[in-house]
$ cat protein.csv   # CSV, C-alpha atoms
chain,number,residue,atom,x,y,z
B,1,MET,CA,0.0,0.0,0.0
B,2,LYS,CA,2.8,2.4,0.9
B,3,ASP,CA,4.7,1.5,-2.3
B,4,GLY,CA,1.6,2.3,-4.3
B,5,PHE,CA,1.2,5.6,-2.6
B,6,SER,CA,4.8,6.5,-3.2
B,7,LEU,CA,4.4,5.6,-6.9
B,8,LEU,CA,1.4,7.9,-7.2
B,9,ARG,CA,3.3,10.7,-5.5
B,10,TRP,CA,6.3,10.2,-7.9
B,11,ILE,CA,3.9,10.2,-10.9
B,12,GLY,CA,2.2,13.3,-9.6
B,13,ARG,CA,5.6,15.1,-9.1
B,14,ILE,CA,6.7,14.2,-12.6
B,15,PHE,CA,3.4,15.4,-14.0
B,16,ARG,CA,3.6,18.7,-12.1
B,17,ARG,CA,7.2,19.2,-13.4
B,18,PHE,CA,6.1,18.5,-16.9
B,19,ALA,CA,3.2,20.9,-16.6
B,20,LEU,CA,5.5,23.5,-15.2
B,21,TRP,CA,8.0,23.0,-18.1
B,22,LEU,CA,5.2,23.4,-20.6
B,23,TYR,CA,4.0,26.5,-18.8
B,24,SER,CA,7.4,28.0,-18.8
B,25,ILE,CA,7.8,27.7,-22.6
B,26,ARG,CA,4.2,28.7,-23.5
B,27,HIS,CA,5.5,31.7,-25.3
B,28,ILE,CA,7.2,29.4,-27.9
B,29,PHE,CA,3.8,27.7,-28.6
B,30,VAL,CA,2.1,31.1,-28.9
B,31,ALA,CA,4.8,32.4,-31.3
B,32,LEU,CA,4.5,29.3,-33.5
B,33,PHE,CA,0.7,29.6,-33.4
B,34,VAL,CA,0.9,33.2,-34.6
B,35,LEU,CA,3.5,32.4,-37.2
B,36,VAL,CA,1.0,29.9,-38.8
B,37,ASN,CA,-1.2,32.9,-39.6
B,38,SER,CA,1.4,34.3,-42.0
B,39,GLY,CA,1.6,30.9,-43.7
B,40,LEU,CA,-2.2,30.9,-44.2
B,41,ILE,CA,-2.0,34.3,-45.8
B,42,PHE,CA,0.8,33.3,-48.2
B,43,HIS,CA,-1.2,30.1,-49.0
B,44,THR,CA,-4.3,32.2,-49.8
B,45,ILE,CA,-2.4,34.7,-52.0
B,46,TYR,CA,-0.5,32.1,-54.0
B,47,GLY,CA,-3.6,30.1,-54.5
B,48,LEU,CA,-5.1,33.0,-56.4
B,49,PRO,CA,-4.2,33.8,-60.1
B,50,ILE,CA,-1.8,36.7,-59.1
B,51,ASP,CA,1.9,36.8,-59.7
B,52,LEU,CA,3.4,39.0,-57.0
B,53,ILE,CA,6.8,39.0,-58.7
B,54,THR,CA,5.4,41.1,-61.5
B,55,ILE,CA,5.8,44.2,-59.2
B,56,PHE,CA,9.4,44.4,-60.2
B,57,ASN,CA,8.5,44.4,-63.9
B,58,VAL,CA,5.8,47.1,-63.8
B,59,LYS,CA,6.6,50.3,-65.5
B,60,ASP,CA,3.2,52.0,-65.9
B,61,TYR,CA,0.4,52.2,-63.4
B,62,GLU,CA,-2.1,51.1,-66.0
B,63,GLN,CA,-0.3,47.7,-66.3
B,64,ILE,CA,-0.9,46.8,-62.7
B,65,ASN,CA,-3.8,44.4,-62.1
B,66,HIS,CA,-6.1,45.9,-59.5
B,67,SER,CA,-6.4,42.6,-57.8
B,68,PHE,CA,-2.7,42.8,-57.2
B,69,LEU,CA,-3.1,46.2,-55.4
B,70,THR,CA,-5.6,44.4,-53.2
B,71,ASN,CA,-3.4,41.5,-52.3
B,72,ALA,CA,0.0,43.1,-52.1
B,73,PRO,CA,-0.8,44.7,-48.7
B,74,TYR,CA,-2.2,41.3,-47.7
B,75,PHE,CA,1.1,39.8,-48.6
B,76,MET,CA,3.0,42.4,-46.6
B,77,LEU,CA,0.7,41.8,-43.6
B,78,GLY,CA,1.8,38.1,-43.7
B,79,VAL,CA,5.4,39.3,-43.7
B,80,PHE,CA,4.8,41.6,-40.7
B,81,ILE,CA,3.1,38.8,-38.7
B,82,ALA,CA,6.1,36.6,-39.4
B,83,LEU,CA,8.5,39.3,-38.1
B,84,SER,CA,6.4,40.1,-35.0
B,85,SER,CA,6.3,36.4,-34.1
B,86,ILE,CA,10.1,36.5,-33.8
B,87,GLY,CA,9.8,38.9,-30.9
B,88,LEU,CA,7.2,36.6,-29.2
B,89,PHE,CA,10.0,34.0,-28.9
B,90,PHE,CA,11.8,36.5,-26.7
B,91,ARG,CA,8.6,37.3,-24.7
B,92,ALA,CA,8.9,41.0,-25.7
B,93,ARG,CA,6.0,43.2,-24.7
B,94,ILE,CA,6.1,45.3,-27.8
B,95,SER,CA,6.0,42.2,-30.0
B,96,TRP,CA,2.8,41.1,-28.2
B,97,MET,CA,1.3,44.5,-28.9
B,98,ILE,CA,2.3,44.4,-32.6
B,99,SER,CA,1.1,40.8,-33.0
B,100,PHE,CA,-2.3,41.5,-31.3
B,101,THR,CA,-2.8,44.6,-33.6
B,102,LEU,CA,-1.8,42.7,-36.7
B,103,MET,CA,-4.1,39.8,-35.9
B,104,ILE,CA,-7.0,42.2,-35.6
B,105,ILE,CA,-6.1,43.7,-39.0
B,106,ASP,CA,-5.6,40.3,-40.5
B,107,THR,CA,-9.0,39.0,-39.3
B,108,LEU,CA,-10.9,42.1,-40.5
B,109,TYR,CA,-9.0,42.3,-43.8
B,110,THR,CA,-9.6,38.6,-44.5
B,111,ALA,CA,-13.3,38.8,-43.6
B,112,HIS,CA,-13.7,41.8,-46.0
B,113,ILE,CA,-11.5,40.8,-48.9
B,114,HIS,CA,-11.6,37.0,-48.8
B,115,PRO,CA,-14.8,36.1,-46.9
B,116,ASP,CA,-14.6,32.6,-48.4
B,117,GLN,CA,-11.4,31.9,-46.4
B,118,THR,CA,-13.3,30.9,-43.2
B,119,HIS,CA,-10.5,28.8,-41.8
B,120,ASN,CA,-8.2,31.9,-41.9
B,121,ILE,CA,-10.8,34.0,-40.1
B,122,HIS,CA,-11.4,31.4,-37.4
B,123,TYR,CA,-7.7,30.7,-36.9
B,124,GLY,CA,-7.1,34.5,-36.6
B,125,LEU,CA,-9.9,34.8,-34.0
B,126,ILE,CA,-8.4,31.9,-32.0
B,127,SER,CA,-4.9,33.5,-32.2
B,128,LEU,CA,-6.4,36.8,-30.8
B,129,LEU,CA,-8.0,34.9,-27.9
B,130,ILE,CA,-4.7,33.1,-27.1
B,131,LEU,CA,-2.7,36.3,-27.3
B,132,PHE,CA,-5.2,38.0,-24.9
B,133,LEU,CA,-5.1,35.1,-22.4
B,134,VAL,CA,-1.3,35.0,-22.2
B,135,ARG,CA,-0.7,38.8,-22.3
B,136,ARG,CA,0.8,38.9,-18.9
B,137,HIS,CA,3.5,36.4,-19.9
B,138,PHE,CA,5.0,38.9,-22.4
B,139,SER,CA,6.6,41.4,-20.1
B,140,ARG,CA,10.2,41.8,-21.3
B,141,SER,CA,11.5,45.0,-23.0
B,142,SER,CA,13.7,44.2,-25.9
B,143,VAL,CA,15.8,46.3,-28.2
B,144,ALA,CA,15.5,43.6,-30.9
B,145,ALA,CA,11.7,43.7,-30.6
B,146,GLY,CA,11.9,47.5,-30.8
B,147,SER,CA,13.9,47.2,-34.0
B,148,ILE,CA,11.3,44.9,-35.5
B,149,PHE,CA,8.6,47.4,-34.5
B,150,ALA,CA,10.6,50.2,-36.2
B,151,LEU,CA,11.1,48.1,-39.3
B,152,ILE,CA,7.4,47.2,-39.6
B,153,SER,CA,6.4,50.8,-39.1
B,154,VAL,CA,8.7,52.2,-41.7
B,155,ILE,CA,7.9,49.5,-44.3
B,156,THR,CA,4.1,50.0,-43.7
B,157,LEU,CA,4.4,53.7,-44.2
B,158,MET,CA,6.6,53.2,-47.3
B,159,LEU,CA,4.1,50.9,-48.9
B,160,THR,CA,1.1,53.0,-48.1
B,161,SER,CA,2.9,56.1,-49.4
B,162,THR,CA,4.0,54.4,-52.6
B,163,TYR,CA,0.6,52.9,-53.4
B,164,GLY,CA,-1.1,56.2,-52.4
B,165,ALA,CA,1.1,58.2,-54.8
B,166,LEU,CA,0.1,55.8,-57.6
B,167,TYR,CA,-3.5,56.1,-56.7
B,168,PHE,CA,-3.5,59.9,-56.7
B,169,GLY,CA,-1.0,60.0,-59.5
B,170,ASP,CA,-3.2,62.3,-61.8
B,171,GLY,CA,-3.2,64.9,-59.0
B,172,PHE,CA,0.5,65.6,-59.3
B,173,ASP,CA,2.6,67.7,-61.7
B,174,PRO,CA,4.1,65.9,-63.4
B,175,LYS,CA,1.7,62.9,-63.2
B,176,ILE,CA,3.0,59.9,-61.3
B,177,THR,CA,2.5,56.8,-63.6
B,178,SER,CA,5.4,54.5,-62.7
B,179,LEU,CA,6.1,52.6,-59.5
B,180,LEU,CA,9.6,53.8,-59.3
B,181,THR,CA,8.5,57.5,-59.5
B,182,ALA,CA,5.9,56.8,-56.8
B,183,PHE,CA,8.5,55.2,-54.6
B,184,TYR,CA,10.8,58.1,-55.1
B,185,TYR,CA,8.1,60.6,-54.2
B,186,ALA,CA,7.2,58.6,-51.1
B,187,ILE,CA,10.8,58.6,-49.8
B,188,GLU,CA,11.2,62.3,-50.6
B,189,THR,CA,8.0,63.2,-48.7
B,190,MET,CA,8.4,60.8,-45.8
B,191,SER,CA,11.9,62.3,-45.1
B,192,THR,CA,10.4,65.8,-45.5
B,193,VAL,CA,13.1,66.7,-48.0
B,194,GLY,CA,10.7,68.1,-50.7
B,195,TYR,CA,12.9,68.9,-53.7
B,196,GLY,CA,9.9,70.4,-55.5
B,197,ASP,CA,10.3,68.4,-58.7
B,198,ILE,CA,6.9,66.7,-58.1
B,199,VAL,CA,4.2,68.9,-56.8
B,200,PRO,CA,0.6,68.0,-55.7
B,201,VAL,CA,-1.9,70.2,-57.5
B,202,SER,CA,-5.2,68.6,-56.7
B,203,GLU,CA,-6.8,68.7,-53.2
B,204,PRO,CA,-6.8,64.9,-52.7
B,205,ALA,CA,-3.1,64.8,-53.6
B,206,ARG,CA,-2.3,67.6,-51.3
B,207,LEU,CA,-4.2,66.0,-48.4
B,208,PHE,CA,-2.4,62.8,-49.1
B,209,THR,CA,1.0,64.5,-49.1
B,210,ILE,CA,0.2,66.2,-45.8
B,211,SER,CA,-0.7,62.8,-44.2
B,212,VAL,CA,2.5,61.3,-45.5
B,213,ILE,CA,4.6,64.1,-44.0
B,214,VAL,CA,2.9,63.9,-40.6
B,215,SER,CA,3.1,60.1,-40.6
B,216,GLY,CA,6.7,60.2,-41.7
B,217,ILE,CA,7.7,62.5,-38.8
B,218,THR,CA,5.7,60.4,-36.3
B,219,VAL,CA,6.9,57.0,-37.5
B,220,PHE,CA,10.6,58.0,-37.6
B,221,ALA,CA,10.4,59.7,-34.2
B,222,THR,CA,8.6,56.6,-32.7
B,223,SER,CA,11.0,54.2,-34.3
B,224,ALA,CA,14.1,56.1,-33.1
B,225,THR,CA,12.6,56.2,-29.6
B,226,SER,CA,11.8,52.5,-29.5
B,227,VAL,CA,15.3,51.5,-30.6
B,228,LEU,CA,17.5,54.2,-29.0
B,229,GLY,CA,15.3,55.0,-26.0
B,230,PRO,CA,16.3,52.1,-23.7
B,231,VAL,CA,20.0,52.6,-24.6
B,232,VAL,CA,19.9,56.4,-23.9
B,233,HIS,CA,17.8,55.9,-20.7
B,234,SER,CA,20.2,53.4,-19.2
B,235,GLY,CA,23.1,55.5,-20.1
B,236,PHE,CA,21.5,58.6,-18.6
B,237,GLU,CA,20.7,56.7,-15.4
B,238,ARG,CA,24.4,55.6,-15.1
B,239,LEU,CA,25.5,59.1,-15.6
B,240,VAL,CA,23.2,60.5,-12.9
B,241,LYS,CA,23.2,57.7,-10.4
B,242,GLY,CA,26.6,56.2,-11.1
B,243,ASN,CA,27.3,52.5,-11.3
B,244,THR,CA,24.9,51.2,-8.7
B,245,LYS,CA,25.8,47.8,-7.1
B,246,LYS,CA,23.2,45.1,-6.7
B,247,MET,CA,22.6,43.6,-3.3
B,248,ASN,CA,24.4,40.4,-2.4
B,249,ARG,CA,21.5,38.1,-2.9
B,250,THR,CA,22.2,35.5,-0.1
B,251,ASN,CA,20.1,34.7,2.9
B,252,HIS,CA,17.4,37.1,1.8
B,253,PHE,CA,13.7,37.1,1.2
B,254,ILE,CA,12.2,37.1,-2.3
B,255,ILE,CA,8.8,38.7,-2.6
B,256,CYS,CA,6.9,38.1,-5.8
B,257,GLY,CA,4.1,40.6,-6.7
B,258,LEU,CA,2.9,43.8,-5.2
B,259,SER,CA,-0.4,43.0,-3.6
B,260,SER,CA,-1.5,44.8,-0.4
B,261,LEU,CA,-0.1,42.0,1.7
B,262,ALA,CA,3.2,42.1,-0.3
B,263,ILE,CA,3.6,45.9,0.2
B,264,ASN,CA,3.0,45.6,4.0
B,265,THR,CA,5.4,42.7,4.2
B,266,ILE,CA,8.0,44.7,2.4
B,267,LYS,CA,7.6,47.6,4.9
B,268,GLN,CA,7.7,45.2,7.9
B,269,LEU,CA,10.8,43.4,6.7
B,270,SER,CA,12.5,46.7,5.7
B,271,SER,CA,11.8,48.1,9.2
B,272,ARG,CA,13.6,45.0,10.6
B,273,LYS,CA,16.6,45.6,8.3
B,274,GLN,CA,16.0,42.3,6.5
B,275,PRO,CA,17.4,41.9,3.0
B,276,ILE,CA,14.7,41.8,0.3
B,277,THR,CA,14.5,41.2,-3.4
B,278,VAL,CA,11.3,42.1,-5.1
B,279,ILE,CA,10.2,40.6,-8.4
B,280,VAL,CA,7.7,42.8,-10.3
B,281,SER,CA,6.4,43.2,-13.9
B,282,PRO,CA,7.5,46.2,-15.9
B,283,ARG,CA,4.1,47.8,-15.6
B,284,THR,CA,3.9,47.3,-11.9
B,285,GLN,CA,7.4,48.7,-11.5
B,286,GLN,CA,6.3,52.0,-13.1
B,287,ALA,CA,3.2,52.2,-11.0
B,288,ALA,CA,5.1,51.6,-7.7
B,289,LYS,CA,8.3,53.4,-8.6
B,290,ASP,CA,8.5,55.3,-5.2
B,291,LEU,CA,8.0,52.2,-3.1
B,292,LEU,CA,10.7,50.3,-5.0
B,293,GLU,CA,13.2,53.1,-5.2
B,294,ASP,CA,15.5,51.9,-2.5
B,295,LEU,CA,14.9,48.1,-2.9
B,296,ASP,CA,16.6,45.4,-4.8
B,297,VAL,CA,14.3,44.8,-7.8
B,298,VAL,CA,14.2,42.2,-10.5
B,299,VAL,CA,11.8,43.0,-13.4
B,300,GLY,CA,10.1,40.1,-15.1
B,301,ASP,CA,7.7,37.2,-14.8
B,302,TYR,CA,8.0,35.9,-11.3
B,303,SER,CA,6.7,32.5,-12.3
B,304,ASP,CA,9.7,32.1,-14.6
B,305,GLY,CA,12.5,29.9,-13.3
B,306,GLU,CA,15.2,32.2,-14.9
B,307,ILE,CA,13.8,35.2,-13.1
B,308,LEU,CA,13.8,33.4,-9.8
B,309,THR,CA,17.3,32.3,-10.4
B,310,GLN,CA,18.3,35.9,-11.2
B,311,ALA,CA,16.7,36.9,-7.9
B,312,GLY,CA,18.9,34.4,-6.0
B,313,VAL,CA,16.4,31.8,-5.2
B,314,MET,CA,19.1,29.2,-4.5
B,315,ASN,CA,20.5,31.2,-1.6
B,316,ALA,CA,17.3,32.7,-0.3
B,317,LYS,CA,15.7,32.2,3.1
B,318,ALA,CA,12.2,32.2,1.7
B,319,VAL,CA,10.2,32.8,-1.5
B,320,LEU,CA,7.0,34.7,-0.8
B,321,ALA,CA,4.4,34.3,-3.6
B,322,LEU,CA,2.2,37.3,-2.8
B,323,SER,CA,0.7,38.4,-6.1
B,324,ASP,CA,-3.0,39.1,-6.6
B,325,ASP,CA,-3.4,36.0,-8.8
B,326,ASP,CA,-3.7,32.7,-7.0
B,327,ALA,CA,-2.7,30.8,-10.2
B,328,ASP,CA,0.5,32.8,-10.4
B,329,ASN,CA,1.3,32.2,-6.7
B,330,ALA,CA,0.9,28.4,-7.3
B,331,PHE,CA,3.3,28.5,-10.3
B,332,ILE,CA,5.8,30.5,-8.3
B,333,VAL,CA,5.9,27.8,-5.7
B,334,LEU,CA,6.2,25.1,-8.4
B,335,SER,CA,9.1,27.0,-10.0
B,336,ALA,CA,10.9,27.2,-6.7
B,337,ILE,CA,10.4,23.5,-6.1
B,338,GLU,CA,11.5,22.7,-9.7
B,339,LEU,CA,14.7,24.6,-9.1
B,340,GLU,CA,15.3,22.4,-6.0
B,341,SER,CA,15.8,25.5,-3.8
B,342,SER,CA,16.2,25.1,-0.1
B,343,ALA,CA,14.2,28.3,0.5
B,344,ARG,CA,10.8,28.1,2.3
B,345,THR,CA,7.9,28.8,0.1
B,346,VAL,CA,4.9,30.9,1.2
B,347,ALA,CA,1.8,31.2,-1.0
B,348,LEU,CA,-0.9,33.8,-0.6
B,349,VAL,CA,-4.5,32.7,-1.3
B,350,ASN,CA,-6.6,35.7,-2.3
B,351,ASP,CA,-9.8,33.7,-2.9
B,352,SER,CA,-10.5,31.1,-0.2
B,353,LYS,CA,-12.1,28.8,-2.7
B,354,ASN,CA,-8.7,28.3,-4.3
B,355,ILE,CA,-7.0,27.2,-1.1
B,356,ASN,CA,-7.0,23.5,-1.9
B,357,LYS,CA,-5.6,24.1,-5.4
B,358,VAL,CA,-2.8,26.2,-4.0
B,359,LYS,CA,-2.1,23.6,-1.2
B,360,SER,CA,-1.8,20.9,-3.9
B,361,VAL,CA,1.6,22.4,-5.0
B,362,ASN,CA,2.9,21.8,-1.5
B,363,PRO,CA,4.1,25.3,-0.3
B,364,ASP,CA,5.6,25.3,3.2
B,365,ILE,CA,3.1,28.0,4.3
B,366,VAL,CA,-0.3,28.9,2.9
B,367,ILE,CA,-1.8,32.3,4.0
B,368,SER,CA,-5.5,33.1,3.5
B,369,PRO,CA,-6.3,36.6,4.9
B,370,GLN,CA,-9.8,36.3,3.5
B,371,GLN,CA,-10.5,33.2,5.6
B,372,PHE,CA,-9.0,34.7,8.7
B,373,ALA,CA,-11.0,37.9,8.4
B,374,SER,CA,-14.3,36.1,7.7
B,375,ASP,CA,-13.7,33.8,10.7
B,376,ILE,CA,-13.0,36.7,13.1
B,377,LEU,CA,-16.1,38.6,11.7
B,378,ALA,CA,-18.3,35.6,12.1
B,379,ARG,CA,-17.2,35.3,15.8
B,380,VAL,CA,-17.9,38.9,16.5
B,381,LEU,CA,-21.3,38.9,14.8
B,382,ASN,CA,-22.2,35.7,16.7
B,383,GLY,CA,-21.3,37.3,20.0
B,384,GLU,CA,-18.4,35.0,20.7
B,385,SER,CA,-15.6,36.2,22.8
B,386,ILE,CA,-12.3,37.1,21.1
B,387,ASP,CA,-9.3,36.1,23.1
B,388,SER,CA,-5.8,35.0,22.3
B,389,ASP,CA,-6.8,31.4,22.0
B,390,SER,CA,-9.5,32.2,19.4
B,391,ILE,CA,-7.2,34.4,17.4
B,392,VAL,CA,-4.5,31.7,17.4
B,393,SER,CA,-7.2,29.2,16.3
B,394,SER,CA,-8.3,31.5,13.4
B,395,LEU,CA,-4.7,32.0,12.4
B,396,LEU,CA,-4.1,28.3,12.4
B,397,ASN,CA,-7.0,27.9,10.0
B,398,SER,CA,-5.9,30.7,7.7
B,399,VAL,CA,-2.1,30.2,8.0
B,400,GLN,CA,-1.5,26.6,7.3
B,401,GLY,CA,2.0,25.3,7.7
B,402,LEU,CA,2.9,26.9,11.0
B,403,SER,CA,2.4,25.5,14.4
B,404,ALA,CA,0.5,27.2,17.2
B,405,LYS,CA,3.8,27.7,19.0
B,406,GLU,CA,5.3,29.5,16.0
B,407,ILE,CA,2.3,31.7,15.6
B,408,SER,CA,2.2,32.6,19.3
B,409,LYS,CA,5.7,33.9,19.0
$ encode --input "protein.csv" --output "structure tokens"
Amino acid sequence: MKDGFSLLRWIGRIFRRFALWLYSIRHIFVALFVLVNSGLIFHTIYGLPIDLITIFNVKDYEQINHSFLTNAPYFMLGVFIALSSIGLFFRARISWMISFTLMIIDTLYTAHIHPDQTHNIHYGLISLLILFLVRRHFSRSSVAAGSIFALISVITLMLTSTYGALYFGDGFDPKITSLLTAFYYAIETMSTVGYGDIVPVSEPARLFTISVIVSGITVFATSATSVLGPVVHSGFERLVKGNTKKMNRTNHFIICGLSSLAINTIKQLSSRKQPITVIVSPRTQQAAKDLLEDLDVVVGDYSDGEILTQAGVMNAKAVLALSDDDADNAFIVLSAIELESSARTVALVNDSKNINKVKSVNPDIVISPQQFASDILARVLNGESIDSDSIVSSLLNSVQGLSAKEISK
């Protein structure tokens, strides 16, 4: 009987580790899933009687098949989706934003231009749903992803400007009739050089030119910011603050998340001069900049084993999973166990109905403030006396993993 129970525990442990491993690489599956959308786009285009290569042989606007003008942007959309999926492999936040936007455009464009391609539409909707569900997992800032964003923005503007110049070609003096001339005018206008050799004379052409100038300034400024911004910012911080040294991450407490309990725990441990490393997401870091100013902070996904290792989990006293999400707290504990750290694990349960699920990952201590508060409130409303024994009893029910002797201390 005991051997059978040990076997079940071993199987359960292996299954949890496998589930944790799959969870830790979920961004790879998402990236591949999004990448398939570009393949569906290329399959749709090349299944139509359109030769995209003819773009390099076109000399006059009249020679271009209008169905080509419809599908060339669709082709570039597939290219952009493929480029954005590269950033998803690195869990870049900006790549997630680009991919989510492109998938919306892809779904709407396909439904409007190729409504018969129902499998493309359904797959695009599923991709949108998956991207939305895993949005919190993509939290890293990346110069490479910023470069991809800049490339996509510039190419999109270039294509739009070139095709627009062809479309409004009769409104220019001289008229724009060739693809090369349209491309030349697009570059000239985007860069705001304006040699004056091609002049818009009609109102639509002038409005189009204004839009290209404004878009060019915006795109180039945004692209430069996304690529050079992180480099300049880090250099400026080093210039102002000097070369700051990180805390020696040994025999310390790792706090994951910034829930109300986490913030109060940080304050209490700081007042006791205890070493603390806080793991937060980039968005949370900006929102709580003042609180984290003098603390040792690691930015990233706190359920990621690499981030926990960076925070010094192997030499920590305890890992406190104190985020607002019970699922995240459970995965933090699983990650610490997977890394075979000797640190004690503490898991916060925000919703008492999840307490058994959190306990199933075997944290050393499970804390449920909701259960403790409801127990005390029920005692007060029922007219029961509140003494030290009753408080200890309530704590034992809400803080599982500590003995009555430890709590009374």
$ atom_distance --input "protein.csv" --atom1 "atom CA of B:Pro369" --atom2 "atom CA of B:Asp351"
9.0 Å
$ atom_distance --input "protein.csv" --atom1 "atom CA of B:Ala262" --atom2 "atom CA of B:Val358"
17.4 Å
$ residues_around --input "protein.csv" --residues "B:Ile213" --least-positions-apart "6" --cutoff "9 Å" --atoms "all atoms listed in the file" --output "PyMOL selection string"
chain B and resi 189-192
$ atom_distance --input "protein.csv" --atom1 "atom CA of B:Asp197" --atom2 "atom CA of B:Phe172"
10.2 Å
$ residues_around --input "protein.csv" --residues "stretch 318-325 of chain B" --least-positions-apart "6" --cutoff "8 Å" --atoms "all atoms listed in the file" --output "list of chain:residue names"
B:His252, B:Phe253, B:Ile254, B:Ile255, B:Cys256, B:Gly257, B:Leu258, B:Ser259, B:Leu261, B:Ala262, B:Ile332, B:Val333, B:Ala336, B:Ala343, B:Arg344, B:Thr345, B:Val346, B:Ala347, B:Leu348, B:Asn350
$ closest_residue --input "protein.csv" --among "B:Gln274, B:Asn37, B:Ser24, B:Thr101" --to "B:Ala316" --atoms "only C-alpha atoms"
B:Gln274
$ residues_near_point --input "protein.csv" --point "(12.6, 66.2, -43.4)" --cutoff "12 Å" --atoms "only C-alpha atoms" --output "list in words"
Ile187, Glu188, Thr189, Met190, Ser191, Thr192, Val193, Gly194, Tyr195, Val212, Ile213, Val214, Ser215, Gly216, Ile217, Thr218, Phe220 and Ala221 of chain B
$ closest_residue --input "protein.csv" --among "B:Leu269, B:Ile263, B:Ile337, B:Leu108" --to "B:Leu291" --atoms "only C-alpha atoms"
B:Ile263
$ residues_around --input "protein.csv" --residues "B:Val201" --least-positions-apart "2" --cutoff "10 Å" --atoms "all atoms listed in the file" --output "MDAnalysis selection string"
chainID B and resid 170:175 198:199 203:206
$ closest_residue --input "protein.csv" --among "B:Ala82, B:Val219, B:Thr44, B:Val278" --to "B:Thr265" --atoms "all atoms listed in the file"
B:Val278
